[in-house]
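File shown here: target_27.cif, holding mmCIF, C-alpha atoms.
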data_protein
loop_
_atom_site.label_atom_id
_atom_site.label_comp_id
_atom_site.auth_asym_id
_atom_site.auth_seq_id
_atom_site.Cartn_x
_atom_site.Cartn_y
_atom_site.Cartn_z
CA MET I 202 167.12 -44.90 61.58
CA ALA I 203 169.76 -46.57 59.39
CA ALA I 204 171.03 -44.88 56.24
CA VAL I 205 168.67 -45.24 53.30
CA ASN I 206 169.95 -46.80 50.07
CA SER I 207 168.81 -44.03 47.70
CA SER I 208 169.35 -46.13 44.54
CA LEU I 209 167.11 -48.83 46.02
CA VAL I 210 164.40 -46.28 46.81
CA ARG I 211 164.68 -44.77 43.30
CA GLY I 212 164.30 -48.29 41.89
CA LEU I 213 161.15 -48.84 43.99
CA LYS I 214 159.60 -45.70 42.54
CA LYS I 215 160.33 -46.90 38.99
CA LEU I 216 158.38 -50.15 39.45
CA ASN I 217 154.96 -50.15 37.86
CA PRO I 218 151.98 -50.50 40.25
CA GLU I 219 151.58 -54.23 39.62
CA GLN I 220 155.29 -54.90 40.23
CA PHE I 221 155.13 -52.83 43.44
CA GLU I 222 152.15 -54.83 44.70
CA ASN I 223 153.95 -58.08 43.84
CA LEU I 224 157.06 -56.87 45.70
CA ALA I 225 154.92 -56.03 48.74
CA TYR I 226 153.35 -59.50 48.53
CA ASP I 227 156.80 -61.14 48.53
CA ILE I 228 158.05 -59.07 51.49
CA LEU I 229 154.88 -59.72 53.50
CA LEU I 230 155.14 -63.44 52.84
CA LEU I 231 158.78 -63.49 53.97
CA SER I 232 157.86 -61.37 57.01
CA GLY I 233 155.50 -64.06 58.26
CA ILE I 234 152.00 -62.98 57.32
CA GLN I 235 149.80 -66.02 56.76
CA ASN I 236 146.93 -66.76 54.35
CA LEU I 237 148.10 -63.84 52.22
CA ARG I 238 145.78 -63.29 49.28
CA TRP I 239 144.87 -60.71 46.67
CA ARG I 240 141.67 -58.76 47.10
CA THR I 241 139.62 -58.00 44.01
CA PRO I 242 140.63 -54.91 42.06
CA SER I 243 139.64 -51.71 43.82
CA ALA I 244 138.43 -48.38 42.44
CA ASP I 245 142.04 -47.31 41.80
CA GLY I 246 142.65 -50.52 39.81
CA GLY I 247 144.97 -51.98 42.43
CA ARG I 248 144.53 -55.50 43.71
CA ASP I 249 145.96 -54.96 47.17
CA LEU I 250 146.17 -57.65 49.81
CA GLU I 251 144.82 -59.17 52.97
CA GLY I 252 146.29 -61.71 55.33
CA GLU I 253 146.49 -62.89 58.91
CA VAL I 254 149.01 -62.58 61.69
CA VAL I 255 148.65 -65.42 64.16
CA SER I 256 150.00 -65.15 67.69
CA ILE I 257 149.89 -67.34 70.77
CA ASP I 258 149.56 -65.62 74.11
CA PHE I 259 151.00 -66.64 77.47
CA SER I 260 148.10 -69.01 78.23
CA GLY I 261 148.52 -70.79 74.89
CA GLU I 262 145.48 -69.16 73.33
CA THR I 263 145.75 -68.44 69.60
CA THR I 264 144.72 -65.05 68.25
CA LYS I 265 144.32 -64.14 64.58
CA GLN I 266 144.61 -60.56 63.42
CA ARG I 267 143.14 -59.71 60.04
CA TRP I 268 145.32 -57.28 58.07
CA PHE I 269 144.31 -55.22 55.05
CA ILE I 270 147.31 -54.04 53.05
CA GLU I 271 147.21 -51.08 50.68
CA CYS I 272 150.16 -50.59 48.31
CA LYS I 273 150.76 -46.98 47.33
CA ARG I 274 153.52 -46.15 44.86
CA TYR I 275 153.47 -42.39 45.37
CA ALA I 276 156.02 -39.66 44.74
CA LYS I 277 154.39 -37.20 47.17
CA SER I 278 153.47 -37.66 50.81
CA ILE I 279 150.28 -39.50 51.67
CA ASP I 280 147.54 -37.33 53.13
CA TRP I 281 144.82 -38.14 55.66
CA PRO I 282 141.90 -38.26 53.15
CA THR I 283 143.74 -41.03 51.26
CA VAL I 284 144.32 -43.00 54.47
CA TYR I 285 140.79 -42.37 55.71
CA GLU I 286 139.30 -43.72 52.46
CA LYS I 287 141.29 -46.96 52.89
CA LEU I 288 140.44 -47.07 56.60
CA THR I 289 136.70 -47.07 55.87
CA ILE I 290 137.15 -50.07 53.56
CA ALA I 291 139.11 -51.91 56.26
CA ILE I 292 136.42 -51.09 58.83
CA ASN I 293 133.63 -52.29 56.50
CA HIS I 294 135.47 -55.60 56.05
CA GLN I 295 136.12 -55.99 59.79
CA ALA I 296 139.91 -55.91 59.55
CA ASP I 297 141.98 -55.47 62.69
CA TYR I 298 144.82 -53.58 60.99
CA LEU I 299 145.34 -51.44 57.92
CA LEU I 300 148.92 -51.44 56.62
CA LEU I 301 149.99 -48.85 54.05
CA VAL I 302 153.04 -49.96 52.07
CA THR I 303 154.37 -46.93 50.22
CA THR I 304 157.29 -45.51 48.28
CA ALA I 305 156.50 -42.13 49.85
CA ASN I 306 156.17 -40.86 53.38
CA VAL I 307 153.16 -39.82 55.41
CA SER I 308 152.53 -36.06 55.72
CA VAL I 309 152.88 -34.61 59.22
CA PRO I 310 149.13 -33.83 59.55
CA CYS I 311 148.34 -37.35 58.36
CA ARG I 312 150.78 -38.88 60.84
CA GLU I 313 149.08 -36.89 63.62
CA GLU I 314 145.63 -38.11 62.54
CA ILE I 315 146.88 -41.71 62.41
CA GLN I 316 148.30 -41.34 65.93
CA ARG I 317 145.02 -39.84 67.22
CA HIS I 318 143.04 -42.63 65.57
CA ASN I 319 145.30 -45.38 66.98
CA GLU I 320 145.28 -43.90 70.49
CA ARG I 321 141.47 -44.25 70.63
CA ARG I 322 141.98 -48.02 70.25
CA ASN I 323 138.51 -48.60 68.88
CA GLY I 324 138.52 -50.61 65.71
CA VAL I 325 141.12 -50.86 62.99
CA GLN I 326 144.67 -49.85 63.90
CA ILE I 327 146.74 -48.16 61.19
CA ARG I 328 150.36 -49.06 60.42
CA VAL I 329 152.68 -47.63 57.74
CA TRP I 330 155.70 -49.02 55.90
CA PRO I 331 157.17 -45.87 54.32
CA PHE I 332 160.03 -45.93 51.80
CA TYR I 333 162.75 -46.03 54.47
CA TYR I 334 161.20 -49.06 56.18
CA LEU I 335 160.85 -50.80 52.80
CA ASP I 336 164.55 -50.09 52.30
CA GLN I 337 165.31 -51.92 55.58
CA LEU I 338 163.07 -54.85 54.68
CA LEU I 339 164.69 -55.18 51.25
CA THR I 340 168.07 -55.18 52.97
CA LEU I 341 166.86 -58.03 55.14
CA HIS I 342 165.25 -59.87 52.21
CA GLY I 343 167.85 -59.20 49.51
CA GLN I 344 166.45 -61.93 47.26
CA VAL I 345 163.33 -59.79 46.74
CA ALA I 346 165.45 -56.77 45.77
CA VAL I 347 167.29 -58.96 43.25
CA LYS I 348 164.03 -60.42 41.87
CA TYR I 349 162.70 -56.94 41.02
CA GLY I 350 166.01 -55.66 39.62
CA LEU I 351 166.63 -53.21 42.45
CA ILE I 352 170.13 -54.59 43.08
CA ARG I 353 172.42 -57.00 41.25
CA ALA I 354 173.24 -59.32 44.16
CA PRO I 355 172.17 -59.51 47.81
CA GLN I 356 175.82 -59.32 48.94
CA SER I 357 175.71 -55.58 48.32
CA LEU I 358 173.10 -55.29 51.09
CA HIS I 359 174.22 -57.75 53.74
CA VAL I 360 177.10 -57.84 56.14
CA ASP I 361 179.65 -60.55 55.58
CA PHE I 362 177.88 -63.66 56.89
CA GLU I 363 181.10 -65.70 56.89
CA SER I 364 182.77 -63.24 59.28
CA ILE I 365 179.81 -63.36 61.63
CA MET I 366 179.82 -67.16 61.65
CA LEU I 367 183.57 -67.21 62.35
CA GLU I 368 183.10 -64.90 65.34
CA LEU I 369 180.16 -66.97 66.61
CA THR I 370 182.25 -70.15 66.29
CA LYS I 371 185.08 -68.53 68.28
CA LEU I 372 182.60 -67.43 70.93
CA ALA I 373 181.06 -70.90 71.17
CA GLN I 374 184.51 -72.54 71.47
CA ALA I 375 185.59 -70.05 74.14
CA THR I 376 182.38 -70.65 76.09
CA TYR I 377 182.79 -74.43 75.85
CA ALA I 378 186.45 -74.24 77.00
#
Represent the structure of the file as C-alpha coordinates.
Amino acid sequence: MAAVNSSLVRGLKKLNPEQFENLAYDILLLSGIQNLRWRTPSADGGRDLEGEVVSIDFSGETTKQRWFIECKRYAKSIDWPTVYEKLTIAINHQADYLLLVTTANVSVPCREEIQRHNERRNGVQIRVWPFYYLDQLLTLHGQVAVKYGLIRAPQSLHVDFESIMLELTKLAQATYA
(Lines of atoms letter the chains of each structure in order from A and count residues from 1; the text may use other names and numbers.)
(Lines give C-alpha, C1' and ligand atoms only; values in the text may rest on other atoms or scores of the structure.)
Protein backbone atom coordinates (compact mmCIF):
# COMPACT_ATOMS: atom_id res chain seq x y z
CA MET A 1 0.00 0.00 0.00
CA ALA A 2 1.32 3.46 -0.91
CA ALA A 3 1.92 6.09 1.76
CA VAL A 4 -1.25 7.82 2.88
CA ASN A 5 -1.48 11.61 2.64
CA SER A 6 -2.56 12.28 6.24
CA SER A 7 -3.58 15.91 5.56
CA LEU A 8 -5.85 14.69 2.75
CA VAL A 9 -7.44 12.11 5.04
CA ARG A 10 -7.91 14.72 7.81
CA GLY A 11 -9.58 16.97 5.23
CA LEU A 12 -11.95 14.15 4.22
CA LYS A 13 -13.03 13.73 7.82
CA LYS A 14 -13.78 17.47 8.10
CA LEU A 15 -16.23 17.42 5.18
CA ASN A 16 -19.86 17.48 6.20
CA PRO A 17 -21.93 14.39 5.23
CA GLU A 18 -23.43 16.04 2.15
CA GLN A 19 -20.00 17.17 0.89
CA PHE A 20 -18.63 13.66 1.48
CA GLU A 21 -21.47 12.10 -0.53
CA ASN A 22 -20.90 14.63 -3.32
CA LEU A 23 -17.16 13.83 -3.31
CA ALA A 24 -17.97 10.10 -3.56
CA TYR A 25 -20.34 10.86 -6.44
CA ASP A 26 -17.59 12.74 -8.31
CA ILE A 27 -15.01 9.98 -7.77
CA LEU A 28 -17.44 7.26 -8.83
CA LEU A 29 -18.34 9.18 -11.97
CA LEU A 30 -14.67 9.62 -12.87
CA SER A 31 -14.03 5.94 -12.08
CA GLY A 32 -16.48 4.87 -14.77
CA ILE A 33 -19.71 3.96 -13.02
CA GLN A 34 -22.65 4.63 -15.31
CA ASN A 35 -26.22 5.84 -14.70
CA LEU A 36 -25.09 7.14 -11.31
CA ARG A 37 -27.99 8.58 -9.36
CA TRP A 38 -29.00 9.60 -5.86
CA ARG A 39 -31.31 7.35 -3.92
CA THR A 40 -33.96 8.95 -1.75
CA PRO A 41 -32.88 9.97 1.74
CA SER A 42 -32.44 7.00 4.04
CA ALA A 43 -33.14 6.59 7.74
CA ASP A 44 -29.76 8.16 8.58
CA GLY A 45 -30.63 11.19 6.41
CA GLY A 46 -28.05 10.33 3.77
CA ARG A 47 -28.93 10.25 0.11
CA ASP A 48 -26.40 7.65 -0.97
CA LEU A 49 -26.06 6.37 -4.50
CA GLU A 50 -26.69 3.65 -7.02
CA GLY A 51 -25.24 3.05 -10.44
CA GLU A 52 -24.24 0.45 -12.99
CA VAL A 53 -20.99 -1.07 -14.11
CA VAL A 54 -21.26 -2.37 -17.66
CA SER A 55 -18.85 -4.97 -18.99
CA ILE A 56 -18.53 -6.92 -22.22
CA ASP A 57 -17.37 -10.51 -21.98
CA PHE A 58 -15.25 -12.49 -24.43
CA SER A 59 -18.27 -13.45 -26.56
CA GLY A 60 -19.37 -9.83 -26.87
CA GLU A 61 -22.24 -10.20 -24.43
CA THR A 62 -22.96 -7.14 -22.29
CA THR A 63 -23.49 -7.52 -18.55
CA LYS A 64 -24.78 -4.83 -16.19
CA GLN A 65 -23.98 -4.93 -12.50
CA ARG A 66 -26.17 -2.88 -10.20
CA TRP A 67 -24.17 -1.18 -7.43
CA PHE A 68 -25.53 0.34 -4.23
CA ILE A 69 -23.10 2.81 -2.67
CA GLU A 70 -23.20 3.80 0.99
CA CYS A 71 -21.11 6.81 2.08
CA LYS A 72 -19.96 6.66 5.69
CA ARG A 73 -18.00 9.56 7.14
CA TYR A 74 -16.95 7.83 10.35
CA ALA A 75 -14.12 8.42 12.80
CA LYS A 76 -14.24 4.88 14.23
CA SER A 77 -14.06 1.55 12.42
CA ILE A 78 -17.18 0.22 10.76
CA ASP A 79 -18.70 -2.83 12.43
CA TRP A 80 -20.60 -5.78 10.96
CA PRO A 81 -24.09 -4.70 12.19
CA THR A 82 -23.69 -1.44 10.25
CA VAL A 83 -22.64 -3.30 7.10
CA TYR A 84 -25.34 -5.93 7.55
CA GLU A 85 -28.05 -3.26 7.80
CA LYS A 86 -26.91 -1.77 4.47
CA LEU A 87 -26.56 -5.24 2.97
CA THR A 88 -30.21 -6.05 3.66
CA ILE A 89 -31.27 -2.88 1.84
CA ALA A 90 -29.08 -3.82 -1.15
CA ILE A 91 -30.55 -7.34 -1.15
CA ASN A 92 -34.13 -6.01 -0.99
CA HIS A 93 -33.41 -3.80 -4.01
CA GLN A 94 -31.74 -6.63 -5.96
CA ALA A 95 -28.33 -4.99 -6.20
CA ASP A 96 -25.34 -7.05 -7.30
CA TYR A 97 -22.79 -5.13 -5.21
CA LEU A 98 -22.74 -3.01 -2.07
CA LEU A 99 -19.86 -0.52 -1.94
CA LEU A 100 -19.04 1.21 1.34
CA VAL A 101 -17.14 4.47 0.80
CA THR A 102 -15.74 5.54 4.16
CA THR A 103 -13.31 7.85 5.92
CA ALA A 104 -12.71 5.05 8.43
CA ASN A 105 -11.59 1.47 8.19
CA VAL A 106 -13.46 -1.79 8.64
CA SER A 107 -13.00 -3.56 11.99
CA VAL A 108 -11.23 -6.93 11.85
CA PRO A 109 -14.36 -8.91 12.83
CA CYS A 110 -16.34 -7.01 10.20
CA ARG A 111 -13.71 -7.68 7.54
CA GLU A 112 -13.90 -11.40 8.40
CA GLU A 113 -17.70 -11.38 8.12
CA ILE A 114 -17.50 -9.58 4.76
CA GLN A 115 -15.01 -12.18 3.52
CA ARG A 116 -17.24 -15.05 4.71
CA HIS A 117 -20.27 -13.46 3.06
CA ASN A 118 -18.44 -12.86 -0.25
CA GLU A 119 -16.99 -16.39 -0.33
CA ARG A 120 -20.53 -17.85 -0.29
CA ARG A 121 -21.12 -16.06 -3.61
CA ASN A 122 -24.87 -16.01 -3.20
CA GLY A 123 -26.36 -12.61 -3.74
CA VAL A 124 -24.89 -9.19 -3.15
CA GLN A 125 -21.09 -8.95 -2.99
CA ILE A 126 -19.62 -6.39 -0.58
CA ARG A 127 -16.77 -4.04 -1.47
CA VAL A 128 -15.12 -1.33 0.65
CA TRP A 129 -13.27 1.88 -0.19
CA PRO A 130 -11.63 2.74 3.16
CA PHE A 131 -9.81 6.02 3.81
CA TYR A 132 -6.50 4.81 2.34
CA TYR A 133 -8.16 3.77 -0.93
CA LEU A 134 -9.96 7.13 -1.11
CA ASP A 135 -6.55 8.74 -0.66
CA GLN A 136 -5.28 6.83 -3.74
CA LEU A 137 -8.36 7.74 -5.78
CA LEU A 138 -8.02 11.41 -4.87
CA THR A 139 -4.38 11.24 -5.93
CA LEU A 140 -5.53 9.87 -9.27
CA HIS A 141 -8.38 12.39 -9.57
CA GLY A 142 -6.67 15.48 -8.15
CA GLN A 143 -9.34 17.80 -9.56
CA VAL A 144 -11.83 16.33 -7.07
CA ALA A 145 -9.43 16.95 -4.16
CA VAL A 146 -9.08 20.56 -5.33
CA LYS A 147 -12.86 20.99 -5.73
CA TYR A 148 -13.47 20.03 -2.09
CA GLY A 149 -10.56 22.08 -0.72
CA LEU A 150 -8.49 19.05 0.28
CA ILE A 151 -5.44 20.33 -1.61
CA ARG A 152 -4.51 23.60 -3.30
CA ALA A 153 -3.43 22.19 -6.68
CA PRO A 154 -3.32 18.71 -8.22
CA GLN A 155 0.43 19.08 -8.90
CA SER A 156 1.06 18.30 -5.24
CA LEU A 157 -0.39 14.83 -5.82
CA HIS A 158 0.85 13.81 -9.25
CA VAL A 159 4.22 12.89 -10.62
CA ASP A 160 5.71 15.27 -13.13
CA PHE A 161 3.71 14.52 -16.29
CA GLU A 162 6.15 16.44 -18.49
CA SER A 163 9.05 14.20 -17.41
CA ILE A 164 7.03 11.08 -18.15
CA MET A 165 6.10 12.36 -21.61
CA LEU A 166 9.75 13.21 -22.35
CA GLU A 167 10.82 9.68 -21.41
CA LEU A 168 8.01 8.16 -23.49
CA THR A 169 9.03 10.31 -26.47
CA LYS A 170 12.65 9.14 -26.12
CA LEU A 171 11.48 5.55 -25.93
CA ALA A 172 9.28 5.92 -29.01
CA GLN A 173 12.12 7.55 -30.99
CA ALA A 174 14.56 4.82 -29.93
CA THR A 175 12.08 2.12 -30.92
CA TYR A 176 11.44 3.76 -34.29
CA ALA A 177 15.20 4.12 -34.99
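One distance worth recording is that between atom CA of Ile279 of chain I and atom CA of Gln220 of chain I, which is 19.8 Å.
Each of I:Phe332, I:Phe269, I:Trp281, I:Tyr377 was checked against Val205 of chain I using only C-alpha atoms; the smallest atom-to-atom distance is that of I:Phe332.
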Fill in: Selection dump of the PyMOL selection byres ((chain I and resi 256) around 12), as a ChimeraX atom specification
/I:233-235,253-255,257-267
Practice prompt. Excluding Leu351 of chain I and residues on its chain fewer than 6 positions from it, collect all residues at most 12 Å away from it, counting only C-alpha atoms, and give them as a list in words.
Written response: Asn206, Ser207, Ser208, Leu209, Val210, Arg211, Gly212, Leu213, Lys214, Lys215, Leu216, Gln220, Phe221, Leu224, Asp336, Leu339, Thr340, His342, Gly343, Gln344, Val345, Ser357 and Leu358 of chain I
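Minimum atom-to-atom distance to Tyr285 of chain I, evaluated using all atoms listed in the file, belongs to I:Glu314 out of I:Val302, I:Glu314, I:Lys273, I:Val307.
Closest to Tyr226 of chain I among I:Pro242, I:Gly350, I:Leu335, I:Leu250 is I:Leu250, based on only C-alpha atoms.
Note that the spacing between atom CA of Val329 of chain I and atom CA of Asn236 of chain I amounts to 20.3 Å.
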Item to complete: Name the residues that the PyMOL selection byres ((chain I and resi 297) around 7) picks from the file above, as a ChimeraX atom specification, using the file's chain letters and numbers.
Response: /I:266-268,295-296,298,324-326
Practice prompt. Using the chain letters and numbers from the file, give me the residues hit by the PyMOL selection byres ((chain I and resi 249) around 9), as a ChimeraX atom specification.
Written response: /I:222,226,238-243,247-248,250-251,269-272
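Among the candidates I:Gln374, I:Arg274, I:Gln316, I:Leu338, the one nearest to Leu231 of chain I when counting only C-alpha atoms is I:Leu338.
Atom CA of Asn293 of chain I is positioned 20.0 Å from atom CA of Glu320 of chain I.
If only C-alpha atoms are the atoms counted, then among I:Ile290, I:Pro218, I:Ala346, I:Leu369 the closest residue to Thr303 of chain I is I:Pro218.
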